[in-house]
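Novice: My structure file coords24.tsv, TSV, C-alpha atoms, is below:
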chain	number	residue	atom	x	y	z
A	590	MET	CA	47.54	180.93	131.16
A	591	SER	CA	51.21	181.83	131.60
A	592	THR	CA	52.11	185.50	131.24
A	593	ALA	CA	55.85	184.88	131.20
A	594	LYS	CA	57.65	186.89	128.55
A	595	GLU	CA	60.37	185.66	126.23
A	596	THR	CA	63.90	186.53	127.26
A	597	ILE	CA	66.64	187.93	125.04
A	598	GLY	CA	70.27	187.11	125.79
A	599	ILE	CA	72.57	190.13	125.91
A	600	GLY	CA	76.29	189.92	125.22
A	601	MET	CA	78.12	193.15	125.97
A	602	VAL	CA	81.65	193.89	124.75
A	603	GLY	CA	83.46	196.37	127.02
A	604	HIS	CA	82.95	197.11	130.70
A	605	ALA	CA	84.39	200.55	131.50
A	606	PHE	CA	82.31	203.75	131.80
A	607	MET	CA	79.82	202.93	129.06
A	608	GLY	CA	79.71	199.29	130.09
A	609	ALA	CA	78.66	200.29	133.60
A	610	VAL	CA	75.89	202.56	132.33
A	611	HIS	CA	74.61	200.01	129.83
A	612	SER	CA	74.67	197.25	132.47
A	613	HIS	CA	72.50	199.39	134.73
A	614	ALA	CA	70.05	199.96	131.88
A	615	TRP	CA	69.76	196.27	131.00
A	616	ARG	CA	69.22	195.35	134.65
A	617	SER	CA	66.60	198.05	135.23
A	618	VAL	CA	64.54	198.27	132.07
A	619	HIS	CA	61.90	195.60	132.68
A	620	ARG	CA	61.38	196.76	136.26
A	621	PHE	CA	59.95	200.06	135.03
A	622	PHE	CA	58.96	199.59	131.39
A	623	THR	CA	56.96	196.67	130.00
A	624	PRO	CA	59.02	195.64	126.96
A	625	PRO	CA	57.93	192.55	125.03
A	626	LEU	CA	61.32	190.93	125.74
A	627	ILE	CA	63.12	190.54	129.07
A	628	PRO	CA	66.91	191.02	128.87
A	629	ARG	CA	69.14	188.35	130.34
A	630	LEU	CA	72.68	189.53	131.08
A	631	ALA	CA	74.28	186.44	129.56
A	632	VAL	CA	77.91	187.34	128.98
A	633	LEU	CA	80.32	190.23	129.36
A	634	GLY	CA	83.31	190.57	127.05
A	635	GLY	CA	86.69	191.99	128.06
A	636	ARG	CA	90.30	191.31	127.05
A	637	ASP	CA	91.56	190.93	130.63
A	638	GLU	CA	89.82	187.95	132.24
A	639	VAL	CA	90.44	189.09	135.81
A	640	ARG	CA	89.02	192.54	135.19
A	641	ALA	CA	86.16	191.17	133.14
A	642	LYS	CA	85.16	188.74	135.89
A	643	ALA	CA	85.29	191.51	138.49
A	644	ALA	CA	83.09	193.71	136.31
A	645	ALA	CA	80.68	190.85	135.62
A	646	GLU	CA	80.25	190.21	139.33
A	647	ARG	CA	79.79	193.90	140.06
A	648	PHE	CA	77.31	194.56	137.27
A	649	GLY	CA	75.36	191.29	137.36
A	650	TRP	CA	76.54	189.39	134.26
A	651	GLU	CA	76.38	185.60	134.27
A	652	ASP	CA	79.59	184.79	132.40
A	653	VAL	CA	82.60	186.34	130.65
A	654	GLU	CA	84.47	185.93	127.38
A	655	THR	CA	87.89	187.36	126.53
A	656	ASP	CA	87.34	187.13	122.75
A	657	TRP	CA	84.44	189.06	121.23
A	658	ARG	CA	84.23	186.50	118.43
A	659	ALA	CA	83.50	183.77	120.97
A	660	LEU	CA	80.89	186.04	122.56
A	661	ILE	CA	79.08	186.52	119.23
A	662	ALA	CA	79.19	182.78	118.51
A	663	ARG	CA	77.40	181.82	121.73
A	664	ASP	CA	73.90	180.41	121.42
A	665	ASP	CA	72.75	182.31	124.51
A	666	VAL	CA	73.57	185.70	122.93
A	667	ASP	CA	70.79	187.23	120.83
A	668	LEU	CA	71.92	190.86	120.98
A	669	VAL	CA	75.45	192.28	120.99
A	670	ASP	CA	75.98	195.56	122.85
A	671	ILE	CA	79.20	197.29	121.73
A	672	CYS	CA	80.80	199.54	124.38
A	673	THR	CA	84.38	199.53	123.06
A	674	PRO	CA	86.54	202.32	121.58
A	675	GLY	CA	85.57	203.29	118.06
A	676	ASP	CA	88.36	201.42	116.30
A	677	SER	CA	86.58	198.09	116.88
A	678	HIS	CA	82.97	199.12	116.26
A	679	ALA	CA	82.85	198.19	112.59
A	680	GLU	CA	84.47	194.77	112.90
A	681	ILE	CA	82.36	193.68	115.86
A	682	ALA	CA	79.07	195.10	114.57
A	683	ILE	CA	79.38	193.66	111.07
A	684	ALA	CA	80.35	190.23	112.43
A	685	ALA	CA	77.40	190.26	114.84
A	686	LEU	CA	74.90	191.32	112.17
A	687	GLU	CA	76.17	188.66	109.78
A	688	ALA	CA	75.74	186.10	112.57
A	689	GLY	CA	72.09	187.14	112.90
A	690	LYS	CA	72.52	188.99	116.19
A	691	HIS	CA	70.81	192.29	116.94
A	692	VAL	CA	73.26	195.12	117.67
A	693	LEU	CA	73.38	198.16	119.92
A	694	CYS	CA	76.51	200.22	119.18
A	695	GLU	CA	77.87	203.16	121.12
A	696	LYS	CA	78.41	206.47	119.36
A	697	PRO	CA	79.93	207.65	117.16
A	698	LEU	CA	79.06	204.78	114.87
A	699	ALA	CA	82.65	204.40	113.63
A	700	ASN	CA	86.02	206.13	113.37
A	701	THR	CA	85.85	206.72	109.62
A	702	LEU	CA	83.24	207.36	106.99
A	703	ALA	CA	84.21	204.19	105.12
A	704	GLU	CA	83.63	202.10	108.25
A	705	ALA	CA	80.27	203.77	108.89
A	706	GLU	CA	79.19	203.10	105.31
A	707	ALA	CA	80.11	199.43	105.64
A	708	MET	CA	78.19	199.19	108.93
A	709	ALA	CA	75.09	200.82	107.46
A	710	GLU	CA	75.23	198.46	104.49
A	711	ALA	CA	75.53	195.44	106.80
A	712	ALA	CA	72.61	196.74	108.87
A	713	ALA	CA	70.45	197.11	105.76
A	714	LYS	CA	71.18	193.55	104.69
A	715	ALA	CA	70.51	192.21	108.19
A	716	ARG	CA	67.26	194.18	108.44
A	717	ALA	CA	65.88	192.21	105.51
A	718	ASN	CA	66.25	189.11	107.71
A	719	GLY	CA	64.62	190.68	110.77
A	720	VAL	CA	67.89	191.59	112.51
A	721	ARG	CA	67.75	195.02	114.14
A	722	SER	CA	70.47	197.57	114.93
A	723	MET	CA	70.63	200.89	116.74
A	724	VAL	CA	73.20	203.57	117.61
A	725	ALA	CA	73.34	204.65	121.25
A	726	PHE	CA	72.75	208.39	120.94
A	727	ASN	CA	71.30	208.45	124.46
A	728	TYR	CA	70.51	212.19	124.53
A	729	ARG	CA	67.55	211.49	122.26
A	730	ARG	CA	66.06	209.81	125.33
A	731	VAL	CA	66.31	212.87	127.58
A	732	PRO	CA	62.61	213.66	128.12
A	733	ALA	CA	63.22	217.40	127.68
A	734	LEU	CA	64.93	216.94	124.31
A	735	ALA	CA	62.29	214.47	123.18
A	736	HIS	CA	59.65	217.05	124.14
A	737	ALA	CA	61.60	219.74	122.27
A	738	ARG	CA	61.31	217.58	119.16
A	739	GLU	CA	57.56	217.35	119.70
A	740	LEU	CA	57.29	221.13	119.99
A	741	VAL	CA	59.23	221.69	116.77
A	742	ALA	CA	57.23	219.04	114.91
A	743	SER	CA	53.97	220.61	116.09
A	744	GLY	CA	54.89	223.90	114.40
A	745	ALA	CA	55.09	225.76	117.71
A	746	LEU	CA	58.37	227.41	116.69
A	747	GLY	CA	57.32	228.20	113.14
A	748	GLU	CA	60.06	228.36	110.53
A	749	ILE	CA	63.41	227.32	112.02
A	750	ARG	CA	65.99	230.06	111.48
A	751	HIS	CA	68.86	229.50	113.91
A	752	VAL	CA	70.25	226.37	115.56
A	753	ARG	CA	72.91	227.01	118.18
A	754	THR	CA	74.54	224.15	120.06
A	755	VAL	CA	77.62	223.50	122.18
A	756	TYR	CA	79.06	220.63	124.19
A	757	LEU	CA	81.49	221.87	126.81
A	758	GLN	CA	83.64	219.83	129.21
A	759	ASP	CA	86.85	220.65	131.08
A	760	TRP	CA	88.44	217.31	132.00
A	761	LEU	CA	91.47	217.80	129.75
A	762	SER	CA	92.18	221.42	130.71
A	763	ASP	CA	95.15	220.44	132.89
A	764	PRO	CA	98.19	219.72	130.67
A	765	ALA	CA	99.32	217.18	133.28
A	766	SER	CA	96.25	215.02	132.71
A	767	PRO	CA	97.56	211.69	131.41
A	768	MET	CA	97.13	210.09	128.03
A	769	THR	CA	94.06	207.95	127.45
A	770	TRP	CA	92.78	206.03	124.44
A	771	ARG	CA	90.53	209.00	123.66
A	772	LEU	CA	93.65	211.01	122.69
A	773	HIS	CA	94.89	208.52	120.09
A	774	LYS	CA	93.42	208.94	116.62
A	775	GLU	CA	93.84	205.26	115.79
A	776	LYS	CA	91.63	204.35	118.76
A	777	ALA	CA	89.18	207.27	118.95
A	778	GLY	CA	89.04	208.49	115.36
A	779	SER	CA	88.89	212.11	116.51
A	780	GLY	CA	88.85	214.01	119.79
A	781	ALA	CA	86.18	216.40	120.99
A	782	LEU	CA	84.66	216.22	117.51
A	783	GLY	CA	83.71	212.55	117.69
A	784	ASP	CA	83.32	212.29	121.44
A	785	LEU	CA	81.12	215.35	121.94
A	786	GLY	CA	80.42	216.79	118.49
A	787	ALA	CA	78.70	213.58	117.39
A	788	HIS	CA	76.15	214.06	120.17
A	789	ILE	CA	75.25	217.64	119.30
A	790	VAL	CA	75.09	216.92	115.57
A	791	ASP	CA	72.65	214.09	116.22
A	792	ALA	CA	70.67	216.08	118.80
A	793	ALA	CA	70.30	219.06	116.46
A	794	GLN	CA	69.15	216.88	113.56
A	795	PHE	CA	66.84	214.89	115.86
A	796	VAL	CA	65.11	217.91	117.40
A	797	THR	CA	64.73	219.88	114.15
A	798	GLY	CA	63.88	216.88	111.98
A	799	GLU	CA	66.28	218.28	109.37
A	800	THR	CA	69.75	217.33	108.15
A	801	ILE	CA	72.96	219.34	107.95
A	802	THR	CA	73.91	220.00	104.33
A	803	GLY	CA	77.26	221.79	104.63
A	804	VAL	CA	79.87	223.04	107.12
A	805	SER	CA	82.78	225.43	107.59
A	806	ALA	CA	85.06	224.25	110.39
A	807	LEU	CA	88.07	224.87	112.60
A	808	THR	CA	89.77	222.39	114.92
A	809	ASN	CA	92.65	222.84	117.32
A	810	THR	CA	94.86	220.80	119.65
A	811	PHE	CA	96.01	222.88	122.63
A	812	VAL	CA	98.16	220.29	124.42
A	813	LYS	CA	100.12	218.15	122.01
A	814	GLU	CA	101.96	215.94	124.52
A	815	ARG	CA	100.80	214.37	127.77
A	816	PRO	CA	102.26	212.07	130.45
A	817	ASP	CA	102.02	208.46	129.31
A	818	GLY	CA	102.05	206.87	132.77
A	819	ASP	CA	105.50	205.31	132.28
A	820	GLY	CA	107.60	208.37	133.01
A	821	GLY	CA	107.54	209.65	129.46
A	822	THR	CA	105.13	211.52	127.24
A	823	GLY	CA	102.77	210.55	124.48
A	824	GLN	CA	101.66	212.45	121.39
A	825	VAL	CA	98.07	213.70	121.28
A	826	THR	CA	96.86	212.97	117.77
A	827	VAL	CA	93.26	214.21	117.97
A	828	ASP	CA	91.55	217.58	118.24
A	829	ASP	CA	90.93	219.22	121.61
A	830	THR	CA	88.18	221.42	120.19
A	831	ALA	CA	86.06	221.70	117.07
A	832	LEU	CA	83.98	224.68	115.98
A	833	PHE	CA	81.90	224.83	112.84
A	834	LEU	CA	79.11	226.65	111.08
A	835	GLY	CA	76.44	224.71	109.26
A	836	ARG	CA	73.31	224.97	107.20
A	837	PHE	CA	70.23	222.79	107.57
A	838	SER	CA	68.14	221.28	104.81
A	839	GLY	CA	65.27	223.63	105.66
A	840	GLY	CA	67.49	226.71	105.27
A	841	ALA	CA	68.34	227.41	108.93
A	842	VAL	CA	71.88	228.45	109.81
A	843	ALA	CA	73.70	226.76	112.68
A	844	SER	CA	76.75	226.92	114.91
A	845	PHE	CA	78.41	224.05	116.78
A	846	GLU	CA	81.20	223.97	119.35
A	847	ALA	CA	82.70	220.94	121.08
A	848	THR	CA	85.57	221.18	123.56
A	849	ARG	CA	87.10	219.40	126.54
A	850	PHE	CA	88.92	222.60	127.62
A	851	ALA	CA	86.06	224.80	128.90
A	852	LEU	CA	87.05	225.32	132.53
A	853	GLY	CA	84.09	225.05	134.86
A	854	ARG	CA	81.87	223.19	132.40
A	855	LYS	CA	81.45	219.55	133.32
A	856	ASN	CA	78.85	218.28	130.86
A	857	ALA	CA	77.22	221.37	129.36
A	858	MET	CA	75.46	220.00	126.30
A	859	ARG	CA	73.29	222.92	125.17
A	860	LEU	CA	70.89	223.46	122.31
A	861	GLU	CA	68.94	226.59	121.36
A	862	ILE	CA	66.58	226.90	118.42
A	863	ASN	CA	65.13	230.20	117.22
A	864	GLY	CA	62.08	230.07	114.98
A	865	SER	CA	59.74	232.59	113.44
A	866	LYS	CA	57.16	232.08	116.22
A	867	ALA	CA	59.13	230.96	119.26
A	868	SER	CA	62.46	229.86	120.69
A	869	LEU	CA	63.47	226.98	122.93
A	870	ALA	CA	66.66	226.21	124.85
A	871	PHE	CA	68.06	223.17	126.65
A	872	ASP	CA	71.09	222.59	128.89
A	873	PHE	CA	71.95	219.06	130.01
A	874	GLU	CA	73.29	220.39	133.31
A	875	SER	CA	69.62	221.21	133.97
A	876	MET	CA	68.39	218.21	132.04
A	877	ASN	CA	64.81	218.15	133.37
A	878	GLU	CA	64.03	221.61	132.03
A	879	LEU	CA	63.31	223.44	128.80
A	880	SER	CA	63.23	227.19	128.33
A	881	PHE	CA	60.54	228.40	125.93
A	882	PHE	CA	59.90	231.87	124.53
A	883	ASP	CA	56.57	232.55	122.82
A	884	GLY	CA	57.01	235.33	120.27
A	885	GLY	CA	53.31	236.05	120.39
A	886	GLN	CA	53.40	237.38	123.95
A	887	PRO	CA	52.75	241.08	124.51
A	888	ALA	CA	56.01	242.97	125.03
A	889	THR	CA	55.06	243.81	128.61
A	890	GLU	CA	54.87	240.10	129.49
A	891	ALA	CA	57.52	238.67	127.20
A	892	GLY	CA	60.29	236.40	128.43
A	893	PHE	CA	61.50	232.83	128.49
A	894	ARG	CA	59.44	230.54	130.68
A	895	ARG	CA	60.65	227.40	132.39
A	896	ILE	CA	59.05	224.07	131.48
A	897	LEU	CA	59.74	221.37	134.06
A	898	VAL	CA	59.67	218.21	131.98
A	899	THR	CA	58.60	215.76	134.69
A	900	GLU	CA	54.92	215.26	133.95
A	901	PRO	CA	53.66	211.76	133.08
A	902	GLU	CA	52.50	213.13	129.70
A	903	HIS	CA	56.07	214.02	128.77
A	904	PRO	CA	58.13	211.45	126.79
A	905	TYR	CA	59.36	208.51	128.93
A	906	VAL	CA	58.45	210.17	132.24
A	907	GLY	CA	55.26	208.23	132.97
A	908	VAL	CA	57.06	205.03	134.02
A	909	TRP	CA	59.36	206.80	136.47
A	910	TRP	CA	58.62	209.09	139.42
A	911	PRO	CA	55.84	211.53	140.40
A	912	PRO	CA	55.91	215.06	138.87
A	913	GLY	CA	58.80	217.17	140.10
A	914	HIS	CA	60.99	214.15	140.96
A	915	LEU	CA	63.94	214.54	138.65
A	916	LEU	CA	65.53	212.03	136.31
A	917	GLY	CA	69.27	211.64	135.73
A	918	TYR	CA	71.85	210.60	133.15
A	919	GLU	CA	71.37	206.88	133.75
A	920	HIS	CA	67.66	207.05	132.93
A	921	THR	CA	68.41	208.02	129.34
A	922	PHE	CA	70.06	204.64	128.75
A	923	THR	CA	67.19	202.74	130.34
A	924	ASN	CA	64.79	204.65	128.10
A	925	GLU	CA	67.03	203.77	125.18
A	926	VAL	CA	67.11	200.00	125.70
A	927	ALA	CA	63.36	200.02	126.39
A	928	ASP	CA	62.83	201.45	122.90
A	929	LEU	CA	65.23	198.91	121.41
A	930	LEU	CA	63.58	195.92	123.09
A	931	THR	CA	60.14	197.15	122.01
A	932	ALA	CA	61.26	197.52	118.40
A	933	ILE	CA	62.83	194.05	118.34
A	934	GLY	CA	59.77	192.50	119.94
A	935	ASP	CA	57.40	194.30	117.58
A	936	GLY	CA	59.49	193.63	114.47
A	937	THR	CA	60.02	197.33	113.73
A	938	ASP	CA	63.18	199.35	113.06
A	939	PRO	CA	64.62	201.13	116.11
A	940	GLU	CA	65.94	204.66	115.97
A	941	PRO	CA	68.52	206.03	115.69
A	942	SER	CA	69.43	203.51	113.02
A	943	PHE	CA	72.88	202.81	111.62
A	944	GLU	CA	71.79	205.03	108.72
A	945	ASP	CA	71.25	207.84	111.23
A	946	GLY	CA	74.71	207.11	112.61
A	947	LEU	CA	76.09	207.30	109.09
A	948	ARG	CA	74.46	210.71	108.59
A	949	VAL	CA	76.28	211.97	111.69
A	950	GLN	CA	79.54	210.42	110.47
A	951	GLN	CA	79.15	212.22	107.15
A	952	VAL	CA	78.95	215.53	109.02
A	953	LEU	CA	82.00	214.70	111.15
A	954	ASP	CA	83.92	213.76	108.02
A	955	ALA	CA	82.95	217.04	106.32
A	956	VAL	CA	84.08	218.96	109.43
A	957	GLU	CA	87.49	217.29	109.33
A	958	ARG	CA	87.87	217.94	105.62
A	959	SER	CA	86.85	221.58	106.03
A	960	ALA	CA	89.20	222.14	108.98
A	961	SER	CA	92.10	220.69	107.00
A	962	ASP	CA	91.31	223.05	104.10
A	963	GLU	CA	91.32	226.43	105.90
A	964	ALA	CA	87.64	226.23	106.86
A	965	ARG	CA	86.50	225.95	103.24
A	966	TRP	CA	82.74	225.42	102.92
A	967	THR	CA	82.28	221.68	102.54
A	968	ALA	CA	79.10	219.93	101.45
A	969	VAL	CA	77.78	216.99	103.44
A	970	PRO	CA	76.81	214.20	101.02
A	971	GLY	CA	73.46	212.49	101.17
A	972	VAL	CA	73.15	208.89	102.33
A	973	THR	CA	73.64	206.67	99.29
A	974	THR	CA	73.94	203.30	100.98
A	975	LYS	CA	71.80	200.73	99.19
A	976	GLY	CA	68.73	199.86	101.23
A	977	SER	CA	69.02	202.77	103.66
A	978	SER	CA	65.90	204.56	104.81
Please render this file's structure as structure tokens.
Specialist:
Amino acid sequence: MSTAKETIGIGMVGHAFMGAVHSHAWRSVHRFFTPPLIPRLAVLGGRDEVRAKAAAERFGWEDVETDWRALIARDDVDLVDICTPGDSHAEIAIAALEAGKHVLCEKPLANTLAEAEAMAEAAAKARANGVRSMVAFNYRRVPALAHARELVASGALGEIRHVRTVYLQDWLSDPASPMTWRLHKEKAGSGALGDLGAHIVDAAQFVTGETITGVSALTNTFVKERPDGDGGTGQVTVDDTALFLGRFSGGAVASFEATRFALGRKNAMRLEINGSKASLAFDFESMNELSFFDGGQPATEAGFRRILVTEPEHPYVGVWWPPGHLLGYEHTFTNEVADLLTAIGDGTDPEPSFEDGLRVQQVLDAVERSASDEARWTAVPGVTTKGSS
């Protein structure tokens, strides 16, 4: 009897940083995991044919298209992976879902709340026909953060009281750093808020299992003009940093900070949760570790202890290396597409869903509204999209 598995044709739109990481994940996933479907790297989409062909050869894609509409229309594409700037997410995702193609979309889900609502509605309609969609919040697939969620869900921390999270980078600290699409609101939607803040909002809600109900926010742009590469300057139209307070549905209070101006911090995505029984802390720059404080320890022995999250019993770790052999950034994306392929093959809904992406977008929208209104406390609305879970 043949044991060959069914393949699923992947069409990916975009081939820069995220395209490279996603390509690696699609190539690697079935060599470590045992998903019910085997990805076939059918076609890579990019506007510049020369660059797209070079990327396809480098990353292992069979063919290229310079029009994403043609990519979606191909019979050999079953799943569309969107790795483009946020201004095109809604149009591509909705078209793919309406064409009956599964969708993986990079974060944040969209540039505006209206776009995110339309995407979630399209996903709900497609789901009724067996078409699946997922947002690429890859930090959910860090084994340490996934284990942190398990600890919270088990009641090990007790009542959650404080959630404290930051995402710190420094790549824009130099005023001479040139303009990129990430600094144009029409392309990126927002700056550090959408680029980094979306991650920590999702991570905090994922680990706690609760939702953010309201915020009070400040944003700031430190460098308002940058070299445009043609001898002139361009206007920066997004935030360089966003700071906000929040409250969770279970009553916990929270603080969030996202910036690309924290000198010396390269990718410091940190989360700390203080409960009535215990505390835990995570830092992506030490991504294989959790710090855990048990409040029931005697005072003479109290202190945070280090948990090395590399045991086969920890989430995702069992398919990778022996204990103590560390995982990296790229593994989170492989873990991610493994979950997506399993959900599609099993006929279940993958997470995070487009509804989860919408919940994050609602928080980002509330932050922007609060920041534009002198940090006024601003409620985050509930998800009202018809058919959402």
Novice: For Val825 in chain A, please output as number ranges by chain all residues within 6 Å (counting only C-alpha atoms; exclusion window: fewer than 5 positions along the same chain).
Specialist: A: 772, 813-814
Novice: Keeping C-alpha atoms for every residue in the selection just given, could you write it to a file as an mmCIF file, keeping the file's coordinate frame?
Specialist:
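File written: result_39.cif
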data_model
loop_
_atom_site.group_PDB
_atom_site.id
_atom_site.type_symbol
_atom_site.label_atom_id
_atom_site.label_comp_id
_atom_site.auth_asym_id
_atom_site.auth_seq_id
_atom_site.Cartn_x
_atom_site.Cartn_y
_atom_site.Cartn_z
ATOM 1 C CA LEU A 772 93.650 211.010 122.690
ATOM 2 C CA LYS A 813 100.120 218.150 122.010
ATOM 3 C CA GLU A 814 101.960 215.940 124.520
#
Novice: Need the shell around Thr797 in chain A: protein/DNA/RNA residues with any atom at most 8 Å away, counting only C-alpha atoms. Skip same-chain ones fewer than 6 positions apart. Format as a ChimeraX atom specification?
Specialist: /A:738,741-742,749
Novice: Quick one: distance from CA of Glu919 in chain A to CA of Leu740 in chain A in Å, one decimal?
Specialist: 24.3 Å
Novice: Fewer than 4 positions away in the same chain doesn't count, so skip those; otherwise give me all residues within 6 Å of range 867-877 of chain A, counting all atoms listed in the file, as a PDB file with C-alpha atoms, in the coordinates of the input.
Specialist:
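Output below, filename out-v1.pdb:
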ATOM      1  CA  ALA A 733      63.220 217.400 127.680  1.00  0.00           C
ATOM      2  CA  LEU A 746      58.370 227.410 116.690  1.00  0.00           C
ATOM      3  CA  ALA A 857      77.220 221.370 129.360  1.00  0.00           C
ATOM      4  CA  MET A 858      75.460 220.000 126.300  1.00  0.00           C
ATOM      5  CA  ARG A 859      73.290 222.920 125.170  1.00  0.00           C
ATOM      6  CA  LEU A 860      70.890 223.460 122.310  1.00  0.00           C
ATOM      7  CA  GLU A 861      68.940 226.590 121.360  1.00  0.00           C
ATOM      8  CA  ILE A 862      66.580 226.900 118.420  1.00  0.00           C
ATOM      9  CA  ASN A 863      65.130 230.200 117.220  1.00  0.00           C
ATOM     10  CA  PHE A 881      60.540 228.400 125.930  1.00  0.00           C
ATOM     11  CA  PHE A 882      59.900 231.870 124.530  1.00  0.00           C
ATOM     12  CA  ASP A 883      56.570 232.550 122.820  1.00  0.00           C
ATOM     13  CA  GLY A 884      57.010 235.330 120.270  1.00  0.00           C
ATOM     14  CA  VAL A 898      59.670 218.210 131.980  1.00  0.00           C
TER      15      VAL A 898
END
Novice: What is the distance, in Å and to one decimal place, between CA of Glu944 in chain A and CA of Asp791 in chain A?
Specialist: 11.8 Å
Novice: Provide the CA of Gly798 in chain A to CA of Ser942 in chain A distance in Å, to one decimal place.
Specialist: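 Distance between the two atoms: 14.5 Å.
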